[in-house]
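Peer 1: The structure that follows is given in the form of C-alpha cells.
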Amino acid sequence: RTQIRPPLPPGPWGLPAFGNLLSLSSELHSYFATLARPYGPILSLRLGSKFAVVISSPSLAKEVLRDHDVTFASRDVPVAARAASYGGHDIPWSPYGPEWRLLRKVCVREMLCAATLDAVYGIRRGELRRTVRYIRSRVGSAVNLGEQMFLTSMNVVTEMSWGGGVAEEGEEERASRGREFRRVVAEITGHFAKPNISDFYPGLARFDLQGIEKKVKACAERFDGIFNKVIEQRMKMGGGGEEREKDFLEVLLKMKDEYEEVEDDGKSKVSFSMTHLKALLMDMVLGGTDTTSNTVEFAMAEIMNKPEVLRNVQEELDAVVGKESIVEEHHIHKLPYLQAVMKEAFRLHTVVPLLIRHCPSKSCVIGGYTIPKGTRIFINVWAMHRDPSIWANPLEFDPERFLNGKFDFSGNDFSYLPFGSGRRSCAGIAMAERMVLFSLASILHSFDWKLPGGEKLDLEEKFGIILTKRVPLTLIPEPRLSNPSLYE
Ligand code: HEM
C-alpha cells in the first residue's frame with residue numbers, strides 16, 4: 001500500500017529559482033501577518049533554495065513547540081548568527097543535542113537561576129541608582145531613554161559576567177562607550193534577520209556576496225578581544241579566593257573541563273571548553289541587553305501615550321514605596337499594576353517577534369500539512385499577540401487585561417508567548433523580568449516625564465530579530481521626590 005503524503009502548506013506562487021524572495025518585505029513580521037490573511041495560519045514560502053513555513057495561530061504553535069517539541073528543537077542558523085557565535089557553539093544557535101544541553105545546563109544552573117540572580121541584586125541596584133543619578137543630572141533636558149536603558153542592562157550584564165562595567169570612566173565616557181556597544185550589538189543582531197543571499201542559496205555562502213559575514217565577524221571580534229582580555233587577566237590572578245565576589249567568569253573558568261555531556265552515541269563526551277565559555281559570555285551580551293532595554297523603551301512610550309496608565313503606575317508606587325524611600329526589588333511583588341504594564345508591553349511590542357527560527361530534524365505533519373525536514377520555521381508570535389480573535393482591542397495598550405493574572409509567560413498559554421515555549425524557550429526569563437520591572441519602577445518612581453516641546457509620540461516598530469523603536473524615545477525628566485538624597 002502506498003501512503004499518501006499530506007500536501008505542503010498553501011502559500012503565494014513564486015518565481016523559478018527565486019521563489020517568493022522578490023516580494024519579501026523588510027518588515028517580515030507584519031508582511032507574514034498580511035500573508036496569513038488569505039493563506040491561513042500555516043503557510044509556506046520558497047526563499048531561494050530554502051523552504052519556509054510561517055505559523056501564526058496558538059493551536060499550531062502548540063503542535064510545533066509542545067506536541068513535536070523534540071523534532072522542532074533545532075535551529076535554522078543564519079550565516080550571520082554563526083559568525084557571531086563561535087561557529088554556532090552557543091545556546092541559541094547550537095542544534096538540539098548534547099552540546100546545547102551542556103551549555104543550557106551551565107547557563108541556567110550556574111548563571112541565570114533565581115538564587116544566583118538574587119545573590120547579584122546589588123549589581124542591578126547599583127546600576128539603576130547610577131542611571132537615576134545620571135537622569136537627575138539631566139533634569140529639564142531631553143534624555144534618550146532607550147540608550148540609557150541599554151547602558152544599564154549592558155553594565156548589569158558585564159558586571160555579572162566578569163565584574164566590569166562598560167567603563168570605569170566618568171559619566172560622559174561611560175555614556176559614549178555605552179552608545180558604541182549599543183551600535184555594535186545592534187549591528188550584529190540587525191544582520192541576523194537581514195535578507196542574506198548566503199542563507200537563501202547556501203551553495204553561494206562561501207562568496208559572502210553582501211559581505212554580511214565579514215561585517216559580523218569584525219563586530220564579534222571586538223567582543224572576543226574584550227573576552228580574551230578579561231579571561232587572561234583573571235587567569236593571571238589565579239583563583240578568586242573567598243574575598244572576591246564570584247562573577248560568571250569565575251564560575252565558568254572553574255566549570256571548564258568539569259562539566260560534560262554524553263554524546264548521542266552514548267560513548268563519546270562533549271566537555272565545556274574555552275570556546276563555549278566565550279560563546280556564553282557572548283550570549284549574555286547579545287541576549288541580555290537590547291531585548292530588555294527595547295521592552296522598557298516601548299513600555300515607556302506606551303505609558304507616555306496613556307496618562308491614566310502613568311497615573312496608575314505612579315499611584316501604586318507611591319502607595320507601596322512612598323515618596324520618602326527608593327524602590328527596591330522586594331517592592332516589586334507588591335506592584336501588580338506595574339507587572340500588568342510589563343506583560344502588556346511584552347504582548348503589544350513582542351521584541352522577539354518571530355522567535356528564533358526553529359527547524360525540524362525530520363519531516364512531520366503539522367495542521368494536516370507536511371513540513372519537510374530542514375524547513376525554516378517562523379512562529380509569528382507578534383501576529384498572535386495582535387490577533388483580534390484572541391485579544392479584545394488588540395492594538396490598544398491596556399494593562400487591565402492582565403490584571404486578573406490569567407496569562408503568564410512561562411510558555412503554557414500558547415496565545416501569549418513573548419519568551420517562546422518548551423525546550424528552546426528563553427533562558428533568561430527570570431533576569432528579563434527582574435530588569436524590566438525594576439527599571440520601570442525606578443524611573444517612574446523617581447521622575448515625572450514629558451515629551452520635548454513640539455514632538456509627537458511615535459510608537460512604530462522596526463523589524464529585526466529584536467524589534468526596535470523606529471524613532472528613539474527622548475523624554476524630559478523632572479524630579480518627583482523632594483529629598484535630594486534619594487537621587488544619590
Ligand atoms: C525582554 C527580554 C527578553 C525577551 C522578550 C526574550 C525572548 C526570547 C525568545 C522569544 C527566545 C527564543 C525562543 C524560541 O526560539 O522558541 C529567546 C531565547 C533565548 N534568550 Fe531571551 N529574551 C529576553 C531576555 C533575555 C535575557 C536577559 C537573556 C540572558 C541574559 C536571554 C537569553 C536567551 C537565550 C540564551 C536564548 C536561547 C535559548 C535556546 O535556544 O535554548 N534572553 N529569548
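We name chains A, B, ... following the order of the C-alpha cells; residues begin at 1 in each chain, and ligands are numbered from 1 as shown.
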For Met435 (chain A), work out the shell of residues within 10 Å, counting only C-alpha atoms and skipping chain neighbours fewer than 2 positions away, then give it as a JSON list (two decimals) with N, CA and C atoms, in the first residue's frame.
Peer 2:
[["chain", "number", "residue", "atom", "x", "y", "z"],
["A", 124, "ARG", "N", 22.35, 44.97, 40.11],
["A", 124, "ARG", "CA", 21.21, 45.64, 39.46],
["A", 124, "ARG", "C", 20.91, 46.95, 40.17],
["A", 125, "ARG", "N", 20.92, 46.89, 41.49],
["A", 125, "ARG", "CA", 20.58, 48.08, 42.27],
["A", 125, "ARG", "C", 21.60, 49.20, 42.00],
["A", 128, "LEU", "N", 21.11, 50.70, 38.55],
["A", 128, "LEU", "CA", 19.90, 51.53, 38.42],
["A", 128, "LEU", "C", 20.03, 52.84, 39.21],
["A", 149, "MET", "N", 18.70, 52.90, 29.00],
["A", 149, "MET", "CA", 18.31, 51.56, 29.46],
["A", 149, "MET", "C", 19.25, 50.50, 28.91],
["A", 152, "THR", "N", 22.30, 50.62, 31.03],
["A", 152, "THR", "CA", 22.05, 49.99, 32.33],
["A", 152, "THR", "C", 22.11, 48.46, 32.19],
["A", 153, "SER", "N", 21.39, 47.91, 31.19],
["A", 153, "SER", "CA", 21.38, 46.45, 31.02],
["A", 153, "SER", "C", 22.78, 45.94, 30.70],
["A", 156, "VAL", "N", 24.88, 45.86, 33.75],
["A", 156, "VAL", "CA", 24.47, 44.77, 34.65],
["A", 156, "VAL", "C", 25.04, 43.46, 34.11],
["A", 288, "GLY", "N", 21.01, 39.55, 26.50],
["A", 288, "GLY", "CA", 20.55, 40.17, 27.74],
["A", 288, "GLY", "C", 20.53, 41.68, 27.74],
["A", 289, "THR", "N", 20.76, 42.31, 26.59],
["A", 289, "THR", "CA", 20.84, 43.78, 26.61],
["A", 289, "THR", "C", 19.65, 44.45, 25.91],
["A", 292, "THR", "N", 15.91, 43.57, 26.70],
["A", 292, "THR", "CA", 15.36, 44.21, 27.90],
["A", 292, "THR", "C", 15.16, 45.71, 27.69],
["A", 293, "SER", "N", 16.20, 46.36, 27.14],
["A", 293, "SER", "CA", 16.09, 47.82, 27.05],
["A", 293, "SER", "C", 15.04, 48.23, 26.03],
["A", 296, "VAL", "N", 11.68, 48.06, 27.75],
["A", 296, "VAL", "CA", 11.45, 49.20, 28.65],
["A", 296, "VAL", "C", 11.12, 50.45, 27.82],
["A", 329, "GLU", "N", 13.99, 45.95, 44.94],
["A", 329, "GLU", "CA", 13.37, 44.83, 44.22],
["A", 329, "GLU", "C", 12.32, 44.11, 45.06],
["A", 429, "ILE", "N", 14.55, 34.33, 31.18],
["A", 429, "ILE", "CA", 13.26, 34.93, 31.57],
["A", 429, "ILE", "C", 13.36, 35.60, 32.95],
["A", 430, "ALA", "N", 13.96, 34.90, 33.91],
["A", 430, "ALA", "CA", 13.98, 35.43, 35.27],
["A", 430, "ALA", "C", 14.75, 36.75, 35.31],
["A", 431, "MET", "N", 15.82, 36.82, 34.53],
["A", 431, "MET", "CA", 16.60, 38.06, 34.54],
["A", 431, "MET", "C", 15.84, 39.17, 33.82],
["A", 432, "ALA", "N", 15.22, 38.81, 32.69],
["A", 432, "ALA", "CA", 14.47, 39.82, 31.91],
["A", 432, "ALA", "C", 13.38, 40.43, 32.78],
["A", 433, "GLU", "N", 12.66, 39.59, 33.48],
["A", 433, "GLU", "CA", 11.55, 40.06, 34.31],
["A", 433, "GLU", "C", 12.06, 41.02, 35.39],
["A", 437, "LEU", "N", 11.07, 45.13, 35.22],
["A", 437, "LEU", "CA", 10.24, 45.67, 36.30],
["A", 437, "LEU", "C", 11.00, 46.67, 37.16],
["A", 438, "PHE", "N", 12.22, 46.31, 37.50],
["A", 438, "PHE", "CA", 13.00, 47.18, 38.38],
["A", 438, "PHE", "C", 13.34, 48.50, 37.66],
["A", 439, "SER", "N", 13.63, 48.41, 36.35],
["A", 439, "SER", "CA", 13.95, 49.63, 35.60],
["A", 439, "SER", "C", 12.74, 50.53, 35.53],
["A", 440, "LEU", "N", 11.58, 49.96, 35.14],
["A", 440, "LEU", "CA", 10.38, 50.78, 35.01],
["A", 440, "LEU", "C", 10.02, 51.40, 36.37],
["A", 441, "ALA", "N", 10.07, 50.57, 37.42],
["A", 441, "ALA", "CA", 9.70, 51.08, 38.74],
["A", 441, "ALA", "C", 10.62, 52.23, 39.13]]
Peer 1: Can I get the residues close to ligand 1 as a PyMOL selection string, where close means within 6 Å and we count only C-alpha atoms and all ligand atoms?
Peer 2: chain A and resi 91-92+283-284+287-288+291-292+295+351-352+355-356+418-421+424-429+431-432
Peer 1: Taking 4 positions as the minimum chain separation for residues in the same chain, which residues sit within 7 Å of Gly19 (chain A) when counting only C-alpha atoms? Answer as a PyMOL selection string.
Peer 2: chain A and resi 14-15+46-48
Peer 1: Just the selected residues (N, CA and C atoms), exported as a PDB file, in the first residue's frame, please.
Peer 2:
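Printed below is out15.pdb as written:
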ATOM      1  N   GLY A  14       5.496  31.435  -6.473  1.00  0.00           N
ATOM      2  CA  GLY A  14       6.825  32.061  -6.562  1.00  0.00           C
ATOM      3  C   GLY A  14       7.466  31.873  -7.930  1.00  0.00           C
ATOM      4  N   LEU A  15       8.481  32.662  -8.195  1.00  0.00           N
ATOM      5  CA  LEU A  15       9.192  32.579  -9.473  1.00  0.00           C
ATOM      6  C   LEU A  15      10.193  31.421  -9.440  1.00  0.00           C
ATOM      7  N   ARG A  46       8.834  29.919  -0.607  1.00  0.00           N
ATOM      8  CA  ARG A  46      10.133  29.416  -1.057  1.00  0.00           C
ATOM      9  C   ARG A  46      11.077  30.616  -1.101  1.00  0.00           C
ATOM     10  N   LEU A  47      12.121  30.540  -0.311  1.00  0.00           N
ATOM     11  CA  LEU A  47      13.069  31.653  -0.242  1.00  0.00           C
ATOM     12  C   LEU A  47      14.370  31.175  -0.879  1.00  0.00           C
ATOM     13  N   GLY A  48      14.526  31.466  -2.167  1.00  0.00           N
ATOM     14  CA  GLY A  48      15.662  30.908  -2.898  1.00  0.00           C
ATOM     15  C   GLY A  48      15.537  29.409  -2.889  1.00  0.00           C
TER      16      GLY A  48
END
Peer 1: Could you check the closest approach to Ser59 (chain A) for each of A:Pro41, A:Tyr369, A:Lys462, A:Pro202 and tell me which residue wins, using only C-alpha atoms?
Peer 2: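 Using only C-alpha atoms, the shortest distance to Ser59 (chain A) belongs to A:Pro41.
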Peer 1: Determine the nearest neighbour of Phe409 (chain A) from the options A:Glu461, A:Met160, A:Cys359, A:Ala340, counting only C-alpha atoms.
Peer 2: A:Ala340
Peer 1: Please identify the strand (DSSP E) residues within region 13-209 of chain A (assignment by DSSP from backbone atoms) and present them as a list of chain:residue names.
Peer 2: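 Checking each residue of region 13-209 of chain A, the strand (DSSP E) ones are A:Ile42, A:Leu43, A:Ser44, A:Leu45, A:Arg46, A:Leu47, A:Lys50, A:Phe51, A:Ala52, A:Val53, A:Val54, A:Ile55, A:Ser74, A:Arg75, A:Val143, A:Asn144.
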Peer 1: Contacts of Glu110 (chain A) at 9 Å or less, counting only C-alpha atoms, minus same-chain residues fewer than 5 places along, as a list of chain:residue names?
Peer 2: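 So the residues in contact are A:Lys105, A:Thr116, A:Phe248, A:Val251, A:Leu252.
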Peer 1: I want to know what sits within 9 Å of Pro336 (chain A), based on only C-alpha atoms, with residues of the same chain fewer than 3 positions away left out; could you give that as a PyMOL selection string?
Peer 2: chain A and resi 316+332-333+339-341+403+405
Peer 1: Write the selection just made, keeping N, CA and C atoms, as an mmCIF file, in the first residue's frame?
Peer 2:
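What follows is the written file selection.cif:
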data_model
loop_
_atom_site.group_PDB
_atom_site.id
_atom_site.type_symbol
_atom_site.label_atom_id
_atom_site.label_comp_id
_atom_site.auth_asym_id
_atom_site.auth_seq_id
_atom_site.Cartn_x
_atom_site.Cartn_y
_atom_site.Cartn_z
ATOM 1 N N GLU A 316 0.407 53.546 42.420
ATOM 2 C CA GLU A 316 0.750 52.259 43.036
ATOM 3 C C GLU A 316 2.140 52.341 43.693
ATOM 4 N N ILE A 332 8.690 44.825 44.335
ATOM 5 C CA ILE A 332 8.082 44.521 43.033
ATOM 6 C C ILE A 332 6.868 43.598 43.145
ATOM 7 N N HIS A 333 6.931 42.592 44.008
ATOM 8 C CA HIS A 333 5.805 41.658 44.039
ATOM 9 C C HIS A 333 4.540 42.302 44.599
ATOM 10 N N GLN A 339 3.293 45.133 37.033
ATOM 11 C CA GLN A 339 3.523 43.830 36.379
ATOM 12 C C GLN A 339 2.617 43.679 35.157
ATOM 13 N N ALA A 340 1.373 44.185 35.288
ATOM 14 C CA ALA A 340 0.457 44.103 34.149
ATOM 15 C C ALA A 340 0.940 44.996 32.998
ATOM 16 N N VAL A 341 1.543 46.127 33.355
ATOM 17 C CA VAL A 341 2.102 47.018 32.322
ATOM 18 C C VAL A 341 3.205 46.288 31.565
ATOM 19 N N LEU A 403 -4.595 42.119 34.552
ATOM 20 C CA LEU A 403 -4.702 42.283 35.995
ATOM 21 C C LEU A 403 -5.253 41.057 36.719
ATOM 22 N N GLY A 405 -4.391 38.152 36.344
ATOM 23 C CA GLY A 405 -3.356 37.123 36.478
ATOM 24 C C GLY A 405 -3.582 35.925 35.565
#
Peer 1: Which one of A:Leu457, A:Leu277, A:Leu354, A:Cys113 sits closest to Ile231 (chain A) if you count only C-alpha atoms?
Peer 2: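 Of all the options, A:Leu277 lies closest to Ile231 (chain A).
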Peer 1: When you look at Thr275 (chain A) with a cut-off of 10 Å (counting only C-alpha atoms), what residues show up, excluding the ones that are within fewer than 4 positions of it in the same chain? I need them as a VMD selection string.
Peer 2: chain A and resid 85 to 87 89 to 90 256 279 to 281
Peer 1: Residues near Pro479 (chain A), anyone? I mean within 8 Å using only C-alpha atoms, not counting same-chain ones fewer than 5 positions away, as an NGL selection string.
Peer 2: :A and (136 or 139 or 446-448)
Peer 1: Given the selection you just returned, output its residues as a file containing N, CA and C atoms, formatted as a PDB file, in the first residue's frame.
Peer 2:
ATOM      1  N   ARG A 136      18.972  62.417  36.882  1.00  0.00           N
ATOM      2  CA  ARG A 136      18.783  63.591  37.749  1.00  0.00           C
ATOM      3  C   ARG A 136      19.661  64.742  37.273  1.00  0.00           C
ATOM      4  N   VAL A 139      18.019  66.781  34.403  1.00  0.00           N
ATOM      5  CA  VAL A 139      16.669  67.321  34.599  1.00  0.00           C
ATOM      6  C   VAL A 139      16.444  68.528  33.690  1.00  0.00           C
ATOM      7  N   SER A 446      11.034  57.816  40.459  1.00  0.00           N
ATOM      8  CA  SER A 446      11.921  58.950  40.726  1.00  0.00           C
ATOM      9  C   SER A 446      11.598  60.187  39.891  1.00  0.00           C
ATOM     10  N   PHE A 447      10.950  59.965  38.728  1.00  0.00           N
ATOM     11  CA  PHE A 447      10.777  61.113  37.815  1.00  0.00           C
ATOM     12  C   PHE A 447       9.369  61.205  37.234  1.00  0.00           C
ATOM     13  N   ASP A 448       8.987  62.459  36.943  1.00  0.00           N
ATOM     14  CA  ASP A 448       7.896  62.691  36.010  1.00  0.00           C
ATOM     15  C   ASP A 448       8.549  62.916  34.660  1.00  0.00           C
TER      16      ASP A 448
END
Peer 1: From the set A:Leu253, A:Val320, A:Met111, A:Val77, which residue has the shortest atom-to-atom contact distance to His358 (chain A), counting only C-alpha atoms?
Peer 2: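 Closest to His358 (chain A), using only C-alpha atoms: A:Val77.
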Peer 1: Compare A:Ser485, A:Thr158, A:Ser74, A:Asn228 by their minimum atom-to-atom distance to Pro360 (chain A), counting only C-alpha atoms, and give me the closest one.
Peer 2: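 Of A:Ser485, A:Thr158, A:Ser74, A:Asn228, the one nearest Pro360 (chain A) is A:Ser74, counting only C-alpha atoms.
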